[in-house]
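Participant: Below is the file final.tsv, which contains TSV, N, CA and C atoms and all ligand atoms.
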chain	number	residue	atom	x	y	z
H	1	MET	N	142.45	94.64	-15.48
H	1	MET	CA	142.62	95.53	-16.63
H	1	MET	C	141.59	95.16	-17.69
H	2	LYS	N	141.42	96.04	-18.66
H	2	LYS	CA	140.42	95.80	-19.70
H	2	LYS	C	141.09	95.47	-21.02
H	3	CYS	N	140.45	94.55	-21.75
H	3	CYS	CA	140.92	94.21	-23.09
H	3	CYS	C	140.75	95.43	-23.99
H	4	LYS	N	141.82	95.74	-24.73
H	4	LYS	CA	141.73	96.95	-25.56
H	4	LYS	C	140.93	96.69	-26.83
H	5	ASP	N	140.64	95.44	-27.12
H	5	ASP	CA	139.86	95.13	-28.31
H	5	ASP	C	138.36	95.11	-28.06
H	6	CYS	N	137.93	94.51	-26.94
H	6	CYS	CA	136.49	94.37	-26.72
H	6	CYS	C	136.03	95.02	-25.42
H	7	GLY	N	136.97	95.46	-24.57
H	7	GLY	CA	136.59	96.18	-23.36
H	7	GLY	C	136.23	95.29	-22.18
H	8	ALA	N	136.33	93.96	-22.36
H	8	ALA	CA	136.02	93.05	-21.25
H	8	ALA	C	137.12	93.10	-20.20
H	9	GLU	N	136.75	92.78	-18.97
H	9	GLU	CA	137.72	92.72	-17.89
H	9	GLU	C	138.54	91.44	-18.03
H	10	ILE	N	139.86	91.58	-18.13
H	10	ILE	CA	140.72	90.41	-18.29
H	10	ILE	C	141.93	90.55	-17.37
H	11	GLN	N	142.71	89.49	-17.34
H	11	GLN	CA	143.98	89.52	-16.63
H	11	GLN	C	145.01	88.81	-17.49
H	12	PHE	N	146.27	89.07	-17.22
H	12	PHE	CA	147.32	88.39	-17.96
H	12	PHE	C	148.04	87.41	-17.04
H	13	ILE	N	148.21	86.18	-17.55
H	13	ILE	CA	148.96	85.17	-16.80
H	13	ILE	C	150.19	84.83	-17.64
H	14	THR	N	151.34	84.81	-17.01
H	14	THR	CA	152.58	84.52	-17.73
H	14	THR	C	152.75	83.02	-17.89
H	15	HIS	N	152.94	82.57	-19.13
H	15	HIS	CA	153.12	81.15	-19.40
H	15	HIS	C	154.40	80.65	-18.74
H	16	VAL	N	154.32	79.44	-18.17
H	16	VAL	CA	155.40	78.93	-17.33
H	16	VAL	C	156.70	78.69	-18.10
H	17	SER	N	156.62	78.37	-19.40
H	17	SER	CA	157.86	78.08	-20.12
H	17	SER	C	158.19	79.10	-21.21
H	18	THR	N	157.18	79.71	-21.83
H	18	THR	CA	157.49	80.69	-22.88
H	18	THR	C	157.55	82.11	-22.34
H	19	TYR	N	157.06	82.32	-21.13
H	19	TYR	CA	157.00	83.65	-20.50
H	19	TYR	C	156.13	84.64	-21.27
H	20	LYS	N	155.34	84.12	-22.21
H	20	LYS	CA	154.40	85.00	-22.89
H	20	LYS	C	153.24	85.28	-21.96
H	21	LYS	N	152.73	86.49	-22.05
H	21	LYS	CA	151.57	86.85	-21.25
H	21	LYS	C	150.31	86.43	-21.99
H	22	ILE	N	149.51	85.60	-21.33
H	22	ILE	CA	148.30	85.08	-21.94
H	22	ILE	C	147.10	85.85	-21.40
H	23	PRO	N	146.32	86.49	-22.29
H	23	PRO	CA	145.12	87.18	-21.82
H	23	PRO	C	144.06	86.17	-21.41
H	24	CYS	N	143.55	86.30	-20.19
H	24	CYS	CA	142.61	85.32	-19.65
H	24	CYS	C	141.39	86.02	-19.05
H	25	GLU	N	140.31	85.24	-18.96
H	25	GLU	CA	139.14	85.72	-18.23
H	25	GLU	C	139.50	85.81	-16.75
H	26	THR	N	138.69	86.54	-16.00
H	26	THR	CA	139.00	86.75	-14.58
H	26	THR	C	138.32	85.72	-13.68
H	27	GLU	N	137.38	84.95	-14.23
H	27	GLU	CA	136.63	84.00	-13.43
H	27	GLU	C	137.34	82.65	-13.37
H	28	LEU	N	137.64	82.16	-12.17
H	28	LEU	CA	138.29	80.87	-11.99
H	28	LEU	C	137.28	79.75	-12.28
H	29	LYS	N	137.68	78.82	-13.16
H	29	LYS	CA	136.76	77.78	-13.60
H	29	LYS	C	137.37	76.40	-13.42
H	30	HIS	N	136.50	75.40	-13.36
H	30	HIS	CA	136.91	74.01	-13.45
H	30	HIS	C	136.76	73.55	-14.89
H	31	GLY	N	137.63	72.61	-15.30
H	31	GLY	CA	137.54	72.07	-16.65
H	31	GLY	C	136.33	71.17	-16.81
H	32	ASN	N	136.00	70.88	-18.08
H	32	ASN	CA	134.91	69.95	-18.39
H	32	ASN	C	135.37	68.96	-19.47
H	33	SER	N	136.69	68.79	-19.58
H	33	SER	CA	137.32	67.91	-20.57
H	33	SER	C	137.17	68.41	-21.99
H	34	GLU	N	136.70	69.63	-22.17
H	34	GLU	CA	136.57	70.21	-23.51
H	34	GLU	C	137.29	71.55	-23.64
H	35	ILE	N	137.24	72.34	-22.58
H	35	ILE	CA	137.77	73.69	-22.69
H	35	ILE	C	139.27	73.72	-22.39
H	36	THR	N	139.89	74.78	-22.83
H	36	THR	CA	141.29	75.04	-22.52
H	36	THR	C	141.35	75.98	-21.33
H	37	LEU	N	142.21	75.66	-20.38
H	37	LEU	CA	142.37	76.52	-19.21
H	37	LEU	C	143.83	76.87	-19.01
H	38	VAL	N	144.06	78.06	-18.47
H	38	VAL	CA	145.39	78.46	-18.05
H	38	VAL	C	145.39	78.44	-16.53
H	39	THR	N	146.24	77.60	-15.95
H	39	THR	CA	146.25	77.50	-14.49
H	39	THR	C	146.91	78.74	-13.89
H	40	ILE	N	146.71	78.90	-12.59
H	40	ILE	CA	147.21	80.09	-11.90
H	40	ILE	C	148.73	80.19	-12.02
H	41	ASP	N	149.41	79.02	-12.08
H	41	ASP	CA	150.87	79.06	-12.18
H	41	ASP	C	151.36	79.03	-13.63
H	42	GLY	N	150.45	79.21	-14.61
H	42	GLY	CA	150.91	79.48	-15.97
H	42	GLY	C	150.99	78.31	-16.91
H	43	TYR	N	150.33	77.21	-16.58
H	43	TYR	CA	150.29	76.08	-17.51
H	43	TYR	C	149.04	76.17	-18.38
H	44	LEU	N	149.23	75.96	-19.69
H	44	LEU	CA	148.12	75.95	-20.62
H	44	LEU	C	147.66	74.50	-20.77
H	45	ILE	N	146.45	74.22	-20.35
H	45	ILE	CA	145.92	72.85	-20.35
H	45	ILE	C	144.79	72.76	-21.35
H	46	THR	N	144.98	71.95	-22.42
H	46	THR	CA	143.88	71.75	-23.36
H	46	THR	C	143.02	70.59	-22.87
H	47	LYS	N	141.73	70.67	-23.13
H	47	LYS	CA	140.76	69.67	-22.66
H	47	LYS	C	140.93	69.42	-21.17
H	48	ALA	N	140.98	70.50	-20.42
H	48	ALA	CA	141.17	70.43	-18.98
H	48	ALA	C	140.02	69.67	-18.32
H	49	GLY	N	140.36	68.73	-17.46
H	49	GLY	CA	139.35	67.94	-16.76
H	49	GLY	C	138.84	68.66	-15.53
H	50	PRO	N	137.85	68.05	-14.87
H	50	PRO	CA	137.22	68.69	-13.70
H	50	PRO	C	138.17	68.90	-12.53
H	51	ASN	N	139.30	68.18	-12.52
H	51	ASN	CA	140.26	68.37	-11.43
H	51	ASN	C	141.18	69.56	-11.67
H	52	THR	N	141.08	70.14	-12.85
H	52	THR	CA	141.92	71.28	-13.18
H	52	THR	C	141.15	72.57	-12.95
H	53	ARG	N	141.79	73.49	-12.28
H	53	ARG	CA	141.19	74.80	-12.07
H	53	ARG	C	142.05	75.82	-12.77
H	54	GLY	N	141.40	76.73	-13.46
H	54	GLY	CA	142.17	77.77	-14.13
H	54	GLY	C	141.26	78.79	-14.77
H	55	TYR	N	141.87	79.59	-15.64
H	55	TYR	CA	141.14	80.66	-16.30
H	55	TYR	C	141.06	80.37	-17.79
H	56	GLU	N	139.91	80.64	-18.38
H	56	GLU	CA	139.77	80.47	-19.82
H	56	GLU	C	140.56	81.55	-20.54
H	57	PRO	N	141.32	81.17	-21.59
H	57	PRO	CA	142.00	82.19	-22.38
H	57	PRO	C	140.98	83.13	-22.99
H	58	HIS	N	141.30	84.40	-22.98
H	58	HIS	CA	140.34	85.40	-23.46
H	58	HIS	C	140.15	85.34	-24.97
H	59	TRP	N	141.15	84.83	-25.70
H	59	TRP	CA	141.07	84.90	-27.16
H	59	TRP	C	139.86	84.12	-27.71
H	60	GLY	N	139.37	83.12	-26.96
H	60	GLY	CA	138.19	82.39	-27.42
H	60	GLY	C	136.91	83.19	-27.32
H	61	ASN	N	136.91	84.19	-26.46
H	61	ASN	CA	135.69	84.95	-26.20
H	61	ASN	C	135.74	86.37	-26.75
H	62	CYS	N	136.91	86.77	-27.21
H	62	CYS	CA	137.11	88.18	-27.55
H	62	CYS	C	136.60	88.49	-28.95
H	63	SER	N	135.90	89.58	-29.07
H	63	SER	CA	135.43	90.00	-30.39
H	63	SER	C	136.59	90.52	-31.23
H	64	GLY	N	137.71	90.81	-30.59
H	64	GLY	CA	138.90	91.24	-31.33
H	64	GLY	C	139.88	90.11	-31.54
H	65	ALA	N	139.39	88.86	-31.52
H	65	ALA	CA	140.27	87.69	-31.58
H	65	ALA	C	141.08	87.63	-32.86
H	66	GLU	N	140.54	88.15	-33.94
H	66	GLU	CA	141.28	88.16	-35.20
H	66	GLU	C	142.63	88.87	-35.03
H	67	LYS	N	142.60	89.89	-34.23
H	67	LYS	CA	143.82	90.66	-34.02
H	67	LYS	C	144.87	89.81	-33.29
H	68	PHE	N	144.43	89.04	-32.31
H	68	PHE	CA	145.36	88.16	-31.59
H	68	PHE	C	146.02	87.21	-32.58
H	69	ARG	N	145.22	86.65	-33.49
H	69	ARG	CA	145.75	85.68	-34.43
H	69	ARG	C	146.78	86.33	-35.36
H	70	ARG	N	146.49	87.55	-35.77
H	70	ARG	CA	147.43	88.23	-36.65
H	70	ARG	C	148.75	88.50	-35.95
H	71	GLU	N	148.66	88.82	-34.66
H	71	GLU	CA	149.89	89.19	-33.94
H	71	GLU	C	150.73	87.98	-33.55
H	72	LYS	N	150.13	86.79	-33.59
H	72	LYS	CA	150.83	85.57	-33.22
H	72	LYS	C	151.94	85.28	-34.24
H	73	LYS	N	153.11	84.93	-33.73
H	73	LYS	CA	154.22	84.67	-34.64
H	73	LYS	C	154.41	83.18	-34.87
X	101	ZN	ZN	138.78	91.12	-25.79
Please, can you express the file's structure as structure tokens?
Ligand SMILES: [Zn+2]
Facilitator:
Amino acid sequence: MKCKDCGAEIQFITHVSTYKKIPCETELKHGNSEITLVTIDGYLITKAGPNTRGYEPHWGNCSGAEKFRREKK
């Protein structure tokens, strides 16, 4: 699906404990101990290491990120 703010191709992954849908990039990445990744099973990992595979949250790359922040409760 496409982000309605910037038009990029994204996907939603449901967080394992909050059940919130997290907008993520579609490209599967390995961590570099700096980036945040959302794993396929819905864990949000900050400073994900190289052994972690997941998707980068879209809010870091989205030109409409301000809107995400406003909607956050
Ligand atoms: Zn976007």
Participant: Using all atoms listed in the file, what are the residues with an atom within 7 Å of ligand ZN 101 (chain X), set out as a PyMOL selection string?
Facilitator: chain H and resi 2-8+58-59+61-65
Participant: How many Å lie between atom CA of H:Gly31 and atom CA of H:Met1, rounded to one decimal?
Facilitator: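 Computed distance, atom CA of H:Gly31 to atom CA of H:Met1, equals 24.0 Å.
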Participant: Identify the residues around (134.3, 68.5, -16.9) within a radius of 8 Å, measuring from all atoms listed in the file in the coordinates stated by the file, and give them as a PyMOL selection string.
Facilitator: chain H and resi 30-35+47-51
Participant: So which bits of chain H end up helix (DSSP H, G or I) when you DSSP the backbone, as an MDAnalysis selection string?
Facilitator: chainID H and resid 58:60 65:71
Participant: So which residues of chain H fall under strand (DSSP E) by DSSP, listed as a ChimeraX atom specification?
Facilitator: /H:10-14,21-30,37-38,44-45,53-57
Participant: Could you please take those selected residues and save N, CA and C atoms as a PDB file, in the frame of the given file?
Facilitator:
ATOM      1  N   ILE H  10     139.860  91.580 -18.130  1.00  0.00           N
ATOM      2  CA  ILE H  10     140.720  90.410 -18.290  1.00  0.00           C
ATOM      3  C   ILE H  10     141.930  90.550 -17.370  1.00  0.00           C
ATOM      4  N   GLN H  11     142.710  89.490 -17.340  1.00  0.00           N
ATOM      5  CA  GLN H  11     143.980  89.520 -16.630  1.00  0.00           C
ATOM      6  C   GLN H  11     145.010  88.810 -17.490  1.00  0.00           C
ATOM      7  N   PHE H  12     146.270  89.070 -17.220  1.00  0.00           N
ATOM      8  CA  PHE H  12     147.320  88.390 -17.960  1.00  0.00           C
ATOM      9  C   PHE H  12     148.040  87.410 -17.040  1.00  0.00           C
ATOM     10  N   ILE H  13     148.210  86.180 -17.550  1.00  0.00           N
ATOM     11  CA  ILE H  13     148.960  85.170 -16.800  1.00  0.00           C
ATOM     12  C   ILE H  13     150.190  84.830 -17.640  1.00  0.00           C
ATOM     13  N   THR H  14     151.340  84.810 -17.010  1.00  0.00           N
ATOM     14  CA  THR H  14     152.580  84.520 -17.730  1.00  0.00           C
ATOM     15  C   THR H  14     152.750  83.020 -17.890  1.00  0.00           C
ATOM     16  N   LYS H  21     152.730  86.490 -22.050  1.00  0.00           N
ATOM     17  CA  LYS H  21     151.570  86.850 -21.250  1.00  0.00           C
ATOM     18  C   LYS H  21     150.310  86.430 -21.990  1.00  0.00           C
ATOM     19  N   ILE H  22     149.510  85.600 -21.330  1.00  0.00           N
ATOM     20  CA  ILE H  22     148.300  85.080 -21.940  1.00  0.00           C
ATOM     21  C   ILE H  22     147.100  85.850 -21.400  1.00  0.00           C
ATOM     22  N   PRO H  23     146.320  86.490 -22.290  1.00  0.00           N
ATOM     23  CA  PRO H  23     145.120  87.180 -21.820  1.00  0.00           C
ATOM     24  C   PRO H  23     144.060  86.170 -21.410  1.00  0.00           C
ATOM     25  N   CYS H  24     143.550  86.300 -20.190  1.00  0.00           N
ATOM     26  CA  CYS H  24     142.610  85.320 -19.650  1.00  0.00           C
ATOM     27  C   CYS H  24     141.390  86.020 -19.050  1.00  0.00           C
ATOM     28  N   GLU H  25     140.310  85.240 -18.960  1.00  0.00           N
ATOM     29  CA  GLU H  25     139.140  85.720 -18.230  1.00  0.00           C
ATOM     30  C   GLU H  25     139.500  85.810 -16.750  1.00  0.00           C
ATOM     31  N   THR H  26     138.690  86.540 -16.000  1.00  0.00           N
ATOM     32  CA  THR H  26     139.000  86.750 -14.580  1.00  0.00           C
ATOM     33  C   THR H  26     138.320  85.720 -13.680  1.00  0.00           C
ATOM     34  N   GLU H  27     137.380  84.950 -14.230  1.00  0.00           N
ATOM     35  CA  GLU H  27     136.630  84.000 -13.430  1.00  0.00           C
ATOM     36  C   GLU H  27     137.340  82.650 -13.370  1.00  0.00           C
ATOM     37  N   LEU H  28     137.640  82.160 -12.170  1.00  0.00           N
ATOM     38  CA  LEU H  28     138.290  80.870 -11.990  1.00  0.00           C
ATOM     39  C   LEU H  28     137.280  79.750 -12.280  1.00  0.00           C
ATOM     40  N   LYS H  29     137.680  78.820 -13.160  1.00  0.00           N
ATOM     41  CA  LYS H  29     136.760  77.780 -13.600  1.00  0.00           C
ATOM     42  C   LYS H  29     137.370  76.400 -13.420  1.00  0.00           C
ATOM     43  N   HIS H  30     136.500  75.400 -13.360  1.00  0.00           N
ATOM     44  CA  HIS H  30     136.910  74.010 -13.450  1.00  0.00           C
ATOM     45  C   HIS H  30     136.760  73.550 -14.890  1.00  0.00           C
ATOM     46  N   LEU H  37     142.210  75.660 -20.380  1.00  0.00           N
ATOM     47  CA  LEU H  37     142.370  76.520 -19.210  1.00  0.00           C
ATOM     48  C   LEU H  37     143.830  76.870 -19.010  1.00  0.00           C
ATOM     49  N   VAL H  38     144.060  78.060 -18.470  1.00  0.00           N
ATOM     50  CA  VAL H  38     145.390  78.460 -18.050  1.00  0.00           C
ATOM     51  C   VAL H  38     145.390  78.440 -16.530  1.00  0.00           C
ATOM     52  N   LEU H  44     149.230  75.960 -19.690  1.00  0.00           N
ATOM     53  CA  LEU H  44     148.120  75.950 -20.620  1.00  0.00           C
ATOM     54  C   LEU H  44     147.660  74.500 -20.770  1.00  0.00           C
ATOM     55  N   ILE H  45     146.450  74.220 -20.350  1.00  0.00           N
ATOM     56  CA  ILE H  45     145.920  72.850 -20.350  1.00  0.00           C
ATOM     57  C   ILE H  45     144.790  72.760 -21.350  1.00  0.00           C
ATOM     58  N   ARG H  53     141.790  73.490 -12.280  1.00  0.00           N
ATOM     59  CA  ARG H  53     141.190  74.800 -12.070  1.00  0.00           C
ATOM     60  C   ARG H  53     142.050  75.820 -12.770  1.00  0.00           C
ATOM     61  N   GLY H  54     141.400  76.730 -13.460  1.00  0.00           N
ATOM     62  CA  GLY H  54     142.170  77.770 -14.130  1.00  0.00           C
ATOM     63  C   GLY H  54     141.260  78.790 -14.770  1.00  0.00           C
ATOM     64  N   TYR H  55     141.870  79.590 -15.640  1.00  0.00           N
ATOM     65  CA  TYR H  55     141.140  80.660 -16.300  1.00  0.00           C
ATOM     66  C   TYR H  55     141.060  80.370 -17.790  1.00  0.00           C
ATOM     67  N   GLU H  56     139.910  80.640 -18.380  1.00  0.00           N
ATOM     68  CA  GLU H  56     139.770  80.470 -19.820  1.00  0.00           C
ATOM     69  C   GLU H  56     140.560  81.550 -20.540  1.00  0.00           C
ATOM     70  N   PRO H  57     141.320  81.170 -21.590  1.00  0.00           N
ATOM     71  CA  PRO H  57     142.000  82.190 -22.380  1.00  0.00           C
ATOM     72  C   PRO H  57     140.980  83.130 -22.990  1.00  0.00           C
TER      73      PRO H  57
END
Participant: Suppose you want the space between atom CA of H:Arg53 and atom CA of H:Lys21; what is it in Å?
Facilitator: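 Taking atom CA of H:Arg53 and atom CA of H:Lys21, their separation equals 18.4 Å.
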Participant: In terms of the shortest atom-to-atom distance over only N, CA and C atoms, which of H:Val16, H:Leu44, H:Ile10, H:Cys24 is closest to H:Glu56?
Facilitator: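 Going through H:Val16, H:Leu44, H:Ile10, H:Cys24 one by one, the smallest distance to H:Glu56 is for H:Cys24.
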Participant: Please measure the separation of atom N of H:Glu25 and atom C of H:Thr46, giving the value in Å to one decimal.
Facilitator: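 Atom-to-atom, atom N of H:Glu25 and atom C of H:Thr46 are spaced 15.4 Å apart.
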